[in-house]
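Chemist: What follows is work10.pdb, PDB, C-alpha atoms and all ligand atoms.
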```
ATOM      1  CA  MET A   1       2.420 -10.036  28.715  1.00  0.00           C
ATOM      2  CA  ASP A   2       2.276 -13.556  27.186  1.00  0.00           C
ATOM      3  CA  LEU A   3       2.137 -13.297  23.391  1.00  0.00           C
ATOM      4  CA  PRO A   4       2.089 -16.004  20.701  1.00  0.00           C
ATOM      5  CA  SER A   5       5.365 -16.390  18.764  1.00  0.00           C
ATOM      6  CA  HIS A   6       4.102 -14.410  15.749  1.00  0.00           C
ATOM      7  CA  GLN A   7       3.486 -11.292  17.821  1.00  0.00           C
ATOM      8  CA  LEU A   8       5.799  -8.667  19.252  1.00  0.00           C
ATOM      9  CA  THR A   9       5.251  -5.663  21.468  1.00  0.00           C
ATOM     10  CA  MET A  10       7.626  -2.710  21.579  1.00  0.00           C
ATOM     11  CA  THR A  11       7.219   0.068  24.143  1.00  0.00           C
ATOM     12  CA  VAL A  12       9.229   3.262  23.741  1.00  0.00           C
ATOM     13  CA  LEU A  13       9.243   6.196  26.174  1.00  0.00           C
ATOM     14  CA  MET A  14       8.745   9.471  24.287  1.00  0.00           C
ATOM     15  CA  THR A  15      11.550  11.682  25.627  1.00  0.00           C
ATOM     16  CA  PRO A  16      11.687  15.492  25.087  1.00  0.00           C
ATOM     17  CA  ASP A  17      14.068  15.123  22.106  1.00  0.00           C
ATOM     18  CA  THR A  18      11.219  13.462  20.158  1.00  0.00           C
ATOM     19  CA  ALA A  19       9.007  16.568  20.351  1.00  0.00           C
ATOM     20  CA  ASP A  20       8.191  19.112  17.662  1.00  0.00           C
ATOM     21  CA  PHE A  21       7.716  22.857  18.264  1.00  0.00           C
ATOM     22  CA  SER A  22       4.154  22.354  19.522  1.00  0.00           C
ATOM     23  CA  GLY A  23       5.408  20.047  22.259  1.00  0.00           C
ATOM     24  CA  LYS A  24       3.830  16.941  20.733  1.00  0.00           C
ATOM     25  CA  VAL A  25       5.790  13.923  19.535  1.00  0.00           C
ATOM     26  CA  HIS A  26       7.033  14.530  16.009  1.00  0.00           C
ATOM     27  CA  GLY A  27       5.352  12.335  13.375  1.00  0.00           C
ATOM     28  CA  GLY A  28       8.799  11.416  12.001  1.00  0.00           C
ATOM     29  CA  THR A  29       9.721   9.864  15.350  1.00  0.00           C
ATOM     30  CA  ILE A  30       6.784   7.498  15.052  1.00  0.00           C
ATOM     31  CA  LEU A  31       7.476   6.759  11.376  1.00  0.00           C
ATOM     32  CA  LYS A  32      11.068   5.798  12.210  1.00  0.00           C
ATOM     33  CA  LEU A  33       9.688   3.216  14.609  1.00  0.00           C
ATOM     34  CA  LEU A  34       6.841   2.032  12.418  1.00  0.00           C
ATOM     35  CA  ASP A  35       8.866   1.514   9.241  1.00  0.00           C
ATOM     36  CA  GLN A  36       5.761   1.929   7.034  1.00  0.00           C
ATOM     37  CA  VAL A  37       7.521   2.609   3.779  1.00  0.00           C
ATOM     38  CA  MET A  38       8.102   0.062   1.028  1.00  0.00           C
ATOM     39  CA  PHE A  39      11.744   0.144   0.007  1.00  0.00           C
ATOM     40  CA  ARG A  40      12.526  -0.538  -3.664  1.00  0.00           C
ATOM     41  CA  GLN A  41      16.319  -0.636  -3.406  1.00  0.00           C
ATOM     42  CA  PRO A  42      18.893  -0.447  -0.584  1.00  0.00           C
ATOM     43  CA  ILE A  43      20.881   2.784  -0.089  1.00  0.00           C
ATOM     44  CA  GLN A  44      24.657   2.489   0.361  1.00  0.00           C
ATOM     45  CA  VAL A  45      26.612   4.432   2.970  1.00  0.00           C
ATOM     46  CA  GLY A  46      28.259   7.416   1.250  1.00  0.00           C
ATOM     47  CA  GLU A  47      25.444   7.935  -1.251  1.00  0.00           C
ATOM     48  CA  LEU A  48      23.671  11.275  -1.488  1.00  0.00           C
ATOM     49  CA  VAL A  49      19.968  10.874  -0.751  1.00  0.00           C
ATOM     50  CA  THR A  50      17.465  13.427  -2.030  1.00  0.00           C
ATOM     51  CA  PHE A  51      13.797  13.638  -1.044  1.00  0.00           C
ATOM     52  CA  LEU A  52      11.539  15.182  -3.687  1.00  0.00           C
ATOM     53  CA  ALA A  53       8.199  16.139  -2.148  1.00  0.00           C
ATOM     54  CA  SER A  54       5.073  17.533  -3.753  1.00  0.00           C
ATOM     55  CA  ILE A  55       1.493  18.140  -2.748  1.00  0.00           C
ATOM     56  CA  ASN A  56      -0.401  15.900  -5.126  1.00  0.00           C
ATOM     57  CA  HIS A  57      -3.947  16.542  -4.005  1.00  0.00           C
ATOM     58  CA  THR A  58      -5.934  18.641  -1.547  1.00  0.00           C
ATOM     59  CA  GLY A  59      -9.235  17.858   0.117  1.00  0.00           C
ATOM     60  CA  THR A  60     -11.016  20.134   2.577  1.00  0.00           C
ATOM     61  CA  SER A  61      -8.470  19.950   5.394  1.00  0.00           C
ATOM     62  CA  SER A  62      -6.237  17.134   4.205  1.00  0.00           C
ATOM     63  CA  MET A  63      -3.598  16.895   1.529  1.00  0.00           C
ATOM     64  CA  GLU A  64      -1.613  14.065   0.009  1.00  0.00           C
ATOM     65  CA  VAL A  65       2.135  14.616  -0.029  1.00  0.00           C
ATOM     66  CA  GLY A  66       4.060  12.312  -2.351  1.00  0.00           C
ATOM     67  CA  ILE A  67       7.765  11.829  -1.714  1.00  0.00           C
ATOM     68  CA  LYS A  68      10.157  10.317  -4.240  1.00  0.00           C
ATOM     69  CA  VAL A  69      13.518   9.346  -2.784  1.00  0.00           C
ATOM     70  CA  VAL A  70      16.540   9.146  -5.073  1.00  0.00           C
ATOM     71  CA  ALA A  71      20.084   8.065  -4.194  1.00  0.00           C
ATOM     72  CA  GLU A  72      23.183   9.221  -6.055  1.00  0.00           C
ATOM     73  CA  ASP A  73      26.537   7.483  -6.152  1.00  0.00           C
ATOM     74  CA  ILE A  74      28.716  10.582  -5.833  1.00  0.00           C
ATOM     75  CA  ARG A  75      31.652   9.208  -7.846  1.00  0.00           C
ATOM     76  CA  SER A  76      29.741   7.768 -10.802  1.00  0.00           C
ATOM     77  CA  GLN A  77      26.866  10.287 -10.492  1.00  0.00           C
ATOM     78  CA  ALA A  78      24.452   7.391 -11.134  1.00  0.00           C
ATOM     79  CA  VAL A  79      21.039   8.263  -9.706  1.00  0.00           C
ATOM     80  CA  ARG A  80      18.582   5.563  -8.611  1.00  0.00           C
ATOM     81  CA  HIS A  81      14.947   5.795  -7.566  1.00  0.00           C
ATOM     82  CA  VAL A  82      15.036   3.979  -4.215  1.00  0.00           C
ATOM     83  CA  ASN A  83      11.690   4.671  -2.626  1.00  0.00           C
ATOM     84  CA  SER A  84       8.339   6.403  -3.057  1.00  0.00           C
ATOM     85  CA  CYS A  85       5.777   7.049  -0.386  1.00  0.00           C
ATOM     86  CA  PHE A  86       2.574   8.997   0.147  1.00  0.00           C
ATOM     87  CA  PHE A  87       1.509  10.750   3.334  1.00  0.00           C
ATOM     88  CA  THR A  88      -1.856  12.212   4.209  1.00  0.00           C
ATOM     89  CA  MET A  89      -1.355  15.371   6.250  1.00  0.00           C
ATOM     90  CA  VAL A  90      -4.267  17.173   7.942  1.00  0.00           C
ATOM     91  CA  ALA A  91      -4.052  20.912   8.651  1.00  0.00           C
ATOM     92  CA  VAL A  92      -5.192  21.823  12.141  1.00  0.00           C
ATOM     93  CA  GLY A  93      -6.097  25.177  13.671  1.00  0.00           C
ATOM     94  CA  ASP A  94      -5.101  26.533  17.081  1.00  0.00           C
ATOM     95  CA  ASP A  95      -7.911  24.439  18.574  1.00  0.00           C
ATOM     96  CA  GLY A  96      -6.309  21.262  17.183  1.00  0.00           C
ATOM     97  CA  LYS A  97      -9.317  20.666  14.903  1.00  0.00           C
ATOM     98  CA  PRO A  98      -9.063  20.182  11.112  1.00  0.00           C
ATOM     99  CA  ALA A  99      -8.748  23.523   9.271  1.00  0.00           C
ATOM    100  CA  PRO A 100      -9.303  24.241   5.543  1.00  0.00           C
ATOM    101  CA  VAL A 101      -6.322  24.150   3.189  1.00  0.00           C
ATOM    102  CA  PRO A 102      -6.011  26.226  -0.010  1.00  0.00           C
ATOM    103  CA  PRO A 103      -7.106  24.056  -2.947  1.00  0.00           C
ATOM    104  CA  ARG A 104      -4.318  22.832  -5.209  1.00  0.00           C
ATOM    105  CA  VAL A 105      -5.249  22.854  -8.893  1.00  0.00           C
ATOM    106  CA  PRO A 106      -2.994  20.618 -11.004  1.00  0.00           C
ATOM    107  CA  GLY A 107      -1.484  22.375 -14.035  1.00  0.00           C
ATOM    108  CA  THR A 108       1.150  20.346 -15.844  1.00  0.00           C
ATOM    109  CA  PRO A 109       0.516  16.837 -17.262  1.00  0.00           C
ATOM    110  CA  ASP A 110       2.683  15.377 -14.444  1.00  0.00           C
ATOM    111  CA  GLU A 111       0.653  17.232 -11.813  1.00  0.00           C
ATOM    112  CA  LYS A 112      -2.588  16.040 -13.410  1.00  0.00           C
ATOM    113  CA  ARG A 113      -1.320  12.440 -13.410  1.00  0.00           C
ATOM    114  CA  ARG A 114      -0.285  12.654  -9.723  1.00  0.00           C
ATOM    115  CA  HIS A 115      -3.596  14.324  -8.820  1.00  0.00           C
ATOM    116  CA  ALA A 116      -5.608  11.565 -10.523  1.00  0.00           C
ATOM    117  CA  ALA A 117      -3.523   8.833  -8.842  1.00  0.00           C
ATOM    118  CA  ALA A 118      -3.973  10.554  -5.454  1.00  0.00           C
ATOM    119  CA  GLU A 119      -7.751  10.573  -5.945  1.00  0.00           C
ATOM    120  CA  ILE A 120      -7.667   6.834  -6.540  1.00  0.00           C
ATOM    121  CA  ARG A 121      -5.581   6.296  -3.365  1.00  0.00           C
ATOM    122  CA  ARG A 122      -7.983   8.542  -1.378  1.00  0.00           C
ATOM    123  CA  ALA A 123     -10.985   6.521  -2.583  1.00  0.00           C
ATOM    124  CA  MET A 124      -9.179   3.243  -1.805  1.00  0.00           C
ATOM    125  CA  ARG A 125      -8.222   4.446   1.710  1.00  0.00           C
ATOM    126  CA  ARG A 126     -11.838   5.389   2.411  1.00  0.00           C
ATOM    127  CA  GLU A 127     -13.096   2.043   1.132  1.00  0.00           C
ATOM    128  CA  MET A 128     -10.508   0.215   3.245  1.00  0.00           C
ATOM    129  CA  GLU A 129     -11.418   2.189   6.381  1.00  0.00           C
ATOM    130  CA  ALA A 130     -15.143   1.501   5.831  1.00  0.00           C
ATOM    131  CA  LYS A 131     -14.387  -2.225   5.522  1.00  0.00           C
ATOM    132  CA  PHE A 132     -12.233  -2.187   8.686  1.00  0.00           C
ATOM    133  CA  ALA A 133     -15.013  -0.348  10.562  1.00  0.00           C
ATOM    134  CA  ALA A 134     -17.571  -2.920   9.390  1.00  0.00           C
ATOM    135  CA  THR A 135     -15.248  -5.744  10.521  1.00  0.00           C
ATOM    136  CA  ARG A 136     -14.816  -4.114  13.954  1.00  0.00           C
ATOM    137  CA  ALA A 137     -18.581  -3.589  14.295  1.00  0.00           C
ATOM    138  CA  ALA A 138     -19.226  -7.251  13.421  1.00  0.00           C
ATOM    139  CA  ALA A 139     -16.644  -8.569  15.931  1.00  0.00           C
TER     140      ALA A 139
HETATM  141  C1  LIG B 201      -5.537  14.755  12.236  1.00  0.00           C
HETATM  142  C2  LIG B 201      -6.783  14.883  13.111  1.00  0.00           C
HETATM  143  C3  LIG B 201      -6.875  16.299  13.652  1.00  0.00           C
HETATM  144  C4  LIG B 201      -8.002  14.568  12.231  1.00  0.00           C
HETATM  145  O1  LIG B 201      -9.134  14.627  13.074  1.00  0.00           O
HETATM  146  P1  LIG B 201     -10.490  13.855  12.665  1.00  0.00           P
HETATM  147  O2  LIG B 201     -11.445  14.018  13.786  1.00  0.00           O
HETATM  148  O3  LIG B 201     -10.151  12.490  12.176  1.00  0.00           O
HETATM  149  O4  LIG B 201     -10.979  14.757  11.483  1.00  0.00           O
HETATM  150  P2  LIG B 201     -12.035  14.481  10.349  1.00  0.00           P
HETATM  151  O5  LIG B 201     -12.724  13.148  10.499  1.00  0.00           O
HETATM  152  O6  LIG B 201     -12.897  15.713  10.286  1.00  0.00           O
HETATM  153  O7  LIG B 201     -11.129  14.398   9.045  1.00  0.00           O
HETATM  154  C5  LIG B 201     -10.353  15.505   8.651  1.00  0.00           C
HETATM  155  C6  LIG B 201      -9.638  15.165   7.385  1.00  0.00           C
HETATM  156  O8  LIG B 201      -8.683  14.151   7.670  1.00  0.00           O
HETATM  157  C7  LIG B 201      -8.874  13.066   6.782  1.00  0.00           C
HETATM  158  N1  LIG B 201      -8.552  11.836   7.524  1.00  0.00           N
HETATM  159  C8  LIG B 201      -8.951  11.525   8.773  1.00  0.00           C
HETATM  160  N2  LIG B 201      -8.469  10.314   9.098  1.00  0.00           N
HETATM  161  C9  LIG B 201      -7.758   9.877   8.040  1.00  0.00           C
HETATM  162  C10 LIG B 201      -7.018   8.695   7.764  1.00  0.00           C
HETATM  163  N3  LIG B 201      -6.901   7.708   8.658  1.00  0.00           N
HETATM  164  N4  LIG B 201      -6.408   8.575   6.566  1.00  0.00           N
HETATM  165  C11 LIG B 201      -6.490   9.557   5.663  1.00  0.00           C
HETATM  166  N5  LIG B 201      -7.199  10.721   5.855  1.00  0.00           N
HETATM  167  C12 LIG B 201      -7.811  10.846   7.036  1.00  0.00           C
HETATM  168  C13 LIG B 201     -10.336  13.113   6.396  1.00  0.00           C
HETATM  169  O9  LIG B 201     -10.549  12.473   5.153  1.00  0.00           O
HETATM  170  C14 LIG B 201     -10.539  14.610   6.300  1.00  0.00           C
HETATM  171  O10 LIG B 201     -10.025  15.064   5.053  1.00  0.00           O
HETATM  172  P3  LIG B 201     -10.747  16.282   4.236  1.00  0.00           P
HETATM  173  O11 LIG B 201     -10.955  17.405   5.208  1.00  0.00           O
HETATM  174  O12 LIG B 201      -9.754  16.674   3.184  1.00  0.00           O
HETATM  175  O13 LIG B 201     -12.001  15.726   3.695  1.00  0.00           O
HETATM  176  C15 LIG B 201      -6.743  13.880  14.301  1.00  0.00           C
HETATM  177  O14 LIG B 201      -6.841  12.565  13.790  1.00  0.00           O
HETATM  178  C16 LIG B 201      -5.488  14.043  15.120  1.00  0.00           C
HETATM  179  O15 LIG B 201      -5.387  14.969  15.935  1.00  0.00           O
HETATM  180  N6  LIG B 201      -4.535  13.123  14.945  1.00  0.00           N
HETATM  181  C17 LIG B 201      -3.285  13.131  15.689  1.00  0.00           C
HETATM  182  C18 LIG B 201      -2.286  14.022  15.006  1.00  0.00           C
HETATM  183  C19 LIG B 201      -0.967  14.008  15.755  1.00  0.00           C
HETATM  184  O16 LIG B 201      -0.909  13.615  16.869  1.00  0.00           O
HETATM  185  N7  LIG B 201       0.080  14.426  15.083  1.00  0.00           N
HETATM  186  C20 LIG B 201       1.379  14.421  15.671  1.00  0.00           C
HETATM  187  C21 LIG B 201       2.254  13.438  14.932  1.00  0.00           C
HETATM  188  S1  LIG B 201       2.289  11.843  15.684  1.00  0.00           S
END
```
Since I need it in another form, could you write the structure as structure tokens?
Modeler:
Amino acid sequence: MDLPSHQLTMTVLMTPDTADFSGKVHGGTILKLLDQVMFRQPIQVGELVTFLASINHTGTSSMEVGIKVVAEDIRSQAVRHVNSCFFTMVAVGDDGKPAPVPPRVPGTPDEKRRHAAAEIRRAMRREMEAKFAATRAAA
């Protein structure tokens, strides 16, 4: 395929080691290739990396999972916040269709803050998708 110099195509065969227990390609496999996360600081080899995940917000079938990544220099015990990212996960039933999730009610001030921020991101994502759809329809 002839592409202009600012474009690149990468094709990767999904081998059995990329699958999850349901036999589909694991989302993490795709994320490793897509590199969607904004990195705040580099992580050094030998550091201890911890992923702190929480469900910030629930919708009907979807939920926002926020993940804070911290790295610790084992010798000095200095801990740095190296990365934060937010995933939308959708629960699916045996039929593969979206299924309801138990509502998550924020309790602590931190949970309330994360919940409110997640609602803003949800509204922004919807607005962005509506704009993309309008652009596609106009093309
Ligand atoms: C996830 C999936 C089942 C959703 O199906 P869908 O037909 O888009 O479902 P709906 O339009 O009814 O949306 C269901 C929920 O997902 C949310 N959603 C759908 N697309 C979204 C997007 N691009 N971004 C964020 N949320 C999204 C909707 O807001 C809705 O949330 P709510 O129930 O809390 O209101 C479908 O997109 C799918 O099967 N995706 C592939 C999943 C997969 O292959 N996973 C393996 C890892 S690669």
Chemist: Mind pulling up the distance from CA of His26 in chain A to atom O3 of ligand LIG 201 (chain B)?
Modeler: 17.7 Å
Chemist: For a quick check of understanding, using only C-alpha atoms and all ligand atoms, which of A:Arg136, A:Lys97, A:Arg114, A:Arg40 has the smallest distance to ligand LIG 201 (chain B)?
Modeler: A:Lys97
Chemist: Write out as a PyMOL selection string the residues lying within 8 Å of Leu48 in chain A, counting all atoms listed in the file and excluding same-chain residues fewer than 6 positions away.
Modeler: chain A and resi 71-74
Chemist: Centre and edge lengths of an axis-aligned box around all listed atoms of range 102-121 of chain A, with 4 Å added on each side, are to be given in Å to one decimal, as lines of an AutoDock Vina configuration file.
Modeler:
```
center_x = -2.5
center_y = 16.3
center_z = -8.6
size_x = 18.4
size_y = 27.9
size_z = 25.3
```
Chemist: Rounded to one decimal place, report the atom C3 of ligand LIG 201 (chain B)-CA of Val90 in chain A distance in Å.
Modeler: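 That distance, rounded to one decimal, is 6.3 Å.
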Chemist: Using all atoms listed in the file, find each protein or nucleic acid residue lying at most 8 Å from ligand LIG 201 (chain B); present the set as a PyMOL selection string.
Modeler: chain A and resi 24-30+58-63+88-92+96-100+122+125-126+129
Chemist: Write out, as a short mmCIF file (atom, residue, chain, number, x, y, z; two decimals), in the frame of the given file, the residues just selected, with C-alpha atoms.
Modeler:
```
data_model
loop_
_atom_site.label_atom_id
_atom_site.label_comp_id
_atom_site.auth_asym_id
_atom_site.auth_seq_id
_atom_site.Cartn_x
_atom_site.Cartn_y
_atom_site.Cartn_z
CA LYS A 24 3.83 16.94 20.73
CA VAL A 25 5.79 13.92 19.54
CA HIS A 26 7.03 14.53 16.01
CA GLY A 27 5.35 12.34 13.38
CA GLY A 28 8.80 11.42 12.00
CA THR A 29 9.72 9.86 15.35
CA ILE A 30 6.78 7.50 15.05
CA THR A 58 -5.93 18.64 -1.55
CA GLY A 59 -9.24 17.86 0.12
CA THR A 60 -11.02 20.13 2.58
CA SER A 61 -8.47 19.95 5.39
CA SER A 62 -6.24 17.13 4.20
CA MET A 63 -3.60 16.90 1.53
CA THR A 88 -1.86 12.21 4.21
CA MET A 89 -1.36 15.37 6.25
CA VAL A 90 -4.27 17.17 7.94
CA ALA A 91 -4.05 20.91 8.65
CA VAL A 92 -5.19 21.82 12.14
CA GLY A 96 -6.31 21.26 17.18
CA LYS A 97 -9.32 20.67 14.90
CA PRO A 98 -9.06 20.18 11.11
CA ALA A 99 -8.75 23.52 9.27
CA PRO A 100 -9.30 24.24 5.54
CA ARG A 122 -7.98 8.54 -1.38
CA ARG A 125 -8.22 4.45 1.71
CA ARG A 126 -11.84 5.39 2.41
CA GLU A 129 -11.42 2.19 6.38
#
```
Chemist: So how many Å separate CA of Phe86 in chain A and CA of Asp20 in chain A, to one decimal?
Modeler: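 CA of Asp20 in chain A lies at a distance of 21.0 Å from CA of Phe86 in chain A.
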Chemist: Pick from A:Ile55, A:Ala137, A:Ile120, A:Val45: nearest to Val105 in chain A, with all atoms listed in the file counted?
Modeler: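 Closest to Val105 in chain A of all the choices is A:Ile55.
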Chemist: Which polymer residues, whether protein, DNA or RNA, lie within 12 Å of the coordinate (-2.9, 17.1, -10.3) when you count all atoms listed in the file? List them as number ranges by chain, using the chain letters and numbers from the file.
Modeler: A: 54-58, 63-66, 103-120
Chemist: Might you pull out every residue within 9 Å of Val49 in chain A, with all atoms listed in the file counted and same-chain residues fewer than 2 positions away left off, and present them as a JSON list (two decimals) with C-alpha atoms, keeping the file's coordinate frame?
Modeler:
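Output (result.json):
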```json
[["chain", "number", "residue", "atom", "x", "y", "z"],
["A", 43, "ILE", "CA", 20.88, 2.78, -0.09],
["A", 47, "GLU", "CA", 25.44, 7.94, -1.25],
["A", 51, "PHE", "CA", 13.80, 13.64, -1.04],
["A", 69, "VAL", "CA", 13.52, 9.35, -2.78],
["A", 70, "VAL", "CA", 16.54, 9.15, -5.07],
["A", 71, "ALA", "CA", 20.08, 8.06, -4.19],
["A", 72, "GLU", "CA", 23.18, 9.22, -6.06]]
```
Chemist: Please fill the gaps in range 33-55 of chain A so it has N, CA and C atoms, and write that as a PDB file, keeping the file's coordinate frame.
Modeler:
```pdb
ATOM      1  N   LEU A  33       9.938   4.457  13.872  1.00  0.00           N
ATOM      2  CA  LEU A  33       9.688   3.216  14.609  1.00  0.00           C
ATOM      3  C   LEU A  33       8.772   2.282  13.838  1.00  0.00           C
ATOM      4  N   LEU A  34       7.841   2.867  13.078  1.00  0.00           N
ATOM      5  CA  LEU A  34       6.841   2.032  12.418  1.00  0.00           C
ATOM      6  C   LEU A  34       7.326   1.435  11.106  1.00  0.00           C
ATOM      7  N   ASP A  35       8.292   2.073  10.461  1.00  0.00           N
ATOM      8  CA  ASP A  35       8.866   1.514   9.241  1.00  0.00           C
ATOM      9  C   ASP A  35       7.771   1.170   8.231  1.00  0.00           C
ATOM     10  N   GLN A  36       6.939   2.196   7.871  1.00  0.00           N
ATOM     11  CA  GLN A  36       5.761   1.929   7.034  1.00  0.00           C
ATOM     12  C   GLN A  36       6.048   1.951   5.546  1.00  0.00           C
ATOM     13  N   VAL A  37       7.247   2.339   5.182  1.00  0.00           N
ATOM     14  CA  VAL A  37       7.521   2.609   3.779  1.00  0.00           C
ATOM     15  C   VAL A  37       8.025   1.358   3.080  1.00  0.00           C
ATOM     16  N   MET A  38       7.595   1.184   1.822  1.00  0.00           N
ATOM     17  CA  MET A  38       8.102   0.062   1.028  1.00  0.00           C
ATOM     18  C   MET A  38       9.405   0.505   0.350  1.00  0.00           C
ATOM     19  N   PHE A  39      10.456  -0.236   0.585  1.00  0.00           N
ATOM     20  CA  PHE A  39      11.744   0.144   0.007  1.00  0.00           C
ATOM     21  C   PHE A  39      11.981  -0.623  -1.286  1.00  0.00           C
ATOM     22  N   ARG A  40      12.291   0.096  -2.356  1.00  0.00           N
ATOM     23  CA  ARG A  40      12.526  -0.538  -3.664  1.00  0.00           C
ATOM     24  C   ARG A  40      13.955  -1.050  -3.778  1.00  0.00           C
ATOM     25  N   GLN A  41      14.906  -0.254  -3.287  1.00  0.00           N
ATOM     26  CA  GLN A  41      16.319  -0.636  -3.406  1.00  0.00           C
ATOM     27  C   GLN A  41      17.058  -0.183  -2.151  1.00  0.00           C
ATOM     28  N   PRO A  42      18.119  -0.895  -1.749  1.00  0.00           N
ATOM     29  CA  PRO A  42      18.893  -0.447  -0.584  1.00  0.00           C
ATOM     30  C   PRO A  42      19.724   0.791  -0.925  1.00  0.00           C
ATOM     31  N   ILE A  43      20.039   1.594   0.087  1.00  0.00           N
ATOM     32  CA  ILE A  43      20.881   2.784  -0.089  1.00  0.00           C
ATOM     33  C   ILE A  43      22.225   2.486   0.569  1.00  0.00           C
ATOM     34  N   GLN A  44      23.311   2.766  -0.158  1.00  0.00           N
ATOM     35  CA  GLN A  44      24.657   2.489   0.361  1.00  0.00           C
ATOM     36  C   GLN A  44      25.151   3.675   1.189  1.00  0.00           C
ATOM     37  N   VAL A  45      25.972   3.363   2.194  1.00  0.00           N
ATOM     38  CA  VAL A  45      26.612   4.432   2.970  1.00  0.00           C
ATOM     39  C   VAL A  45      27.505   5.236   2.025  1.00  0.00           C
ATOM     40  N   GLY A  46      27.462   6.561   2.125  1.00  0.00           N
ATOM     41  CA  GLY A  46      28.259   7.416   1.250  1.00  0.00           C
ATOM     42  C   GLY A  46      27.463   7.954   0.078  1.00  0.00           C
ATOM     43  N   GLU A  47      26.266   7.408  -0.160  1.00  0.00           N
ATOM     44  CA  GLU A  47      25.444   7.935  -1.251  1.00  0.00           C
ATOM     45  C   GLU A  47      24.723   9.201  -0.787  1.00  0.00           C
ATOM     46  N   LEU A  48      24.389  10.028  -1.761  1.00  0.00           N
ATOM     47  CA  LEU A  48      23.671  11.275  -1.488  1.00  0.00           C
ATOM     48  C   LEU A  48      22.187  10.991  -1.693  1.00  0.00           C
ATOM     49  N   VAL A  49      21.388  11.195  -0.654  1.00  0.00           N
ATOM     50  CA  VAL A  49      19.968  10.874  -0.751  1.00  0.00           C
ATOM     51  C   VAL A  49      19.155  12.164  -0.838  1.00  0.00           C
ATOM     52  N   THR A  50      18.287  12.236  -1.835  1.00  0.00           N
ATOM     53  CA  THR A  50      17.465  13.427  -2.030  1.00  0.00           C
ATOM     54  C   THR A  50      15.992  13.063  -1.941  1.00  0.00           C
ATOM     55  N   PHE A  51      15.233  13.852  -1.208  1.00  0.00           N
ATOM     56  CA  PHE A  51      13.797  13.638  -1.044  1.00  0.00           C
ATOM     57  C   PHE A  51      13.070  14.700  -1.865  1.00  0.00           C
ATOM     58  N   LEU A  52      12.264  14.249  -2.821  1.00  0.00           N
ATOM     59  CA  LEU A  52      11.539  15.182  -3.687  1.00  0.00           C
ATOM     60  C   LEU A  52      10.055  15.117  -3.292  1.00  0.00           C
ATOM     61  N   ALA A  53       9.568  16.180  -2.680  1.00  0.00           N
ATOM     62  CA  ALA A  53       8.199  16.139  -2.148  1.00  0.00           C
ATOM     63  C   ALA A  53       7.288  17.061  -2.931  1.00  0.00           C
ATOM     64  N   SER A  54       6.039  16.644  -3.113  1.00  0.00           N
ATOM     65  CA  SER A  54       5.073  17.533  -3.753  1.00  0.00           C
ATOM     66  C   SER A  54       3.685  17.268  -3.187  1.00  0.00           C
ATOM     67  N   ILE A  55       2.889  18.326  -3.139  1.00  0.00           N
ATOM     68  CA  ILE A  55       1.493  18.140  -2.748  1.00  0.00           C
ATOM     69  C   ILE A  55       0.760  17.692  -4.000  1.00  0.00           C
TER      70      ILE A  55
END
```
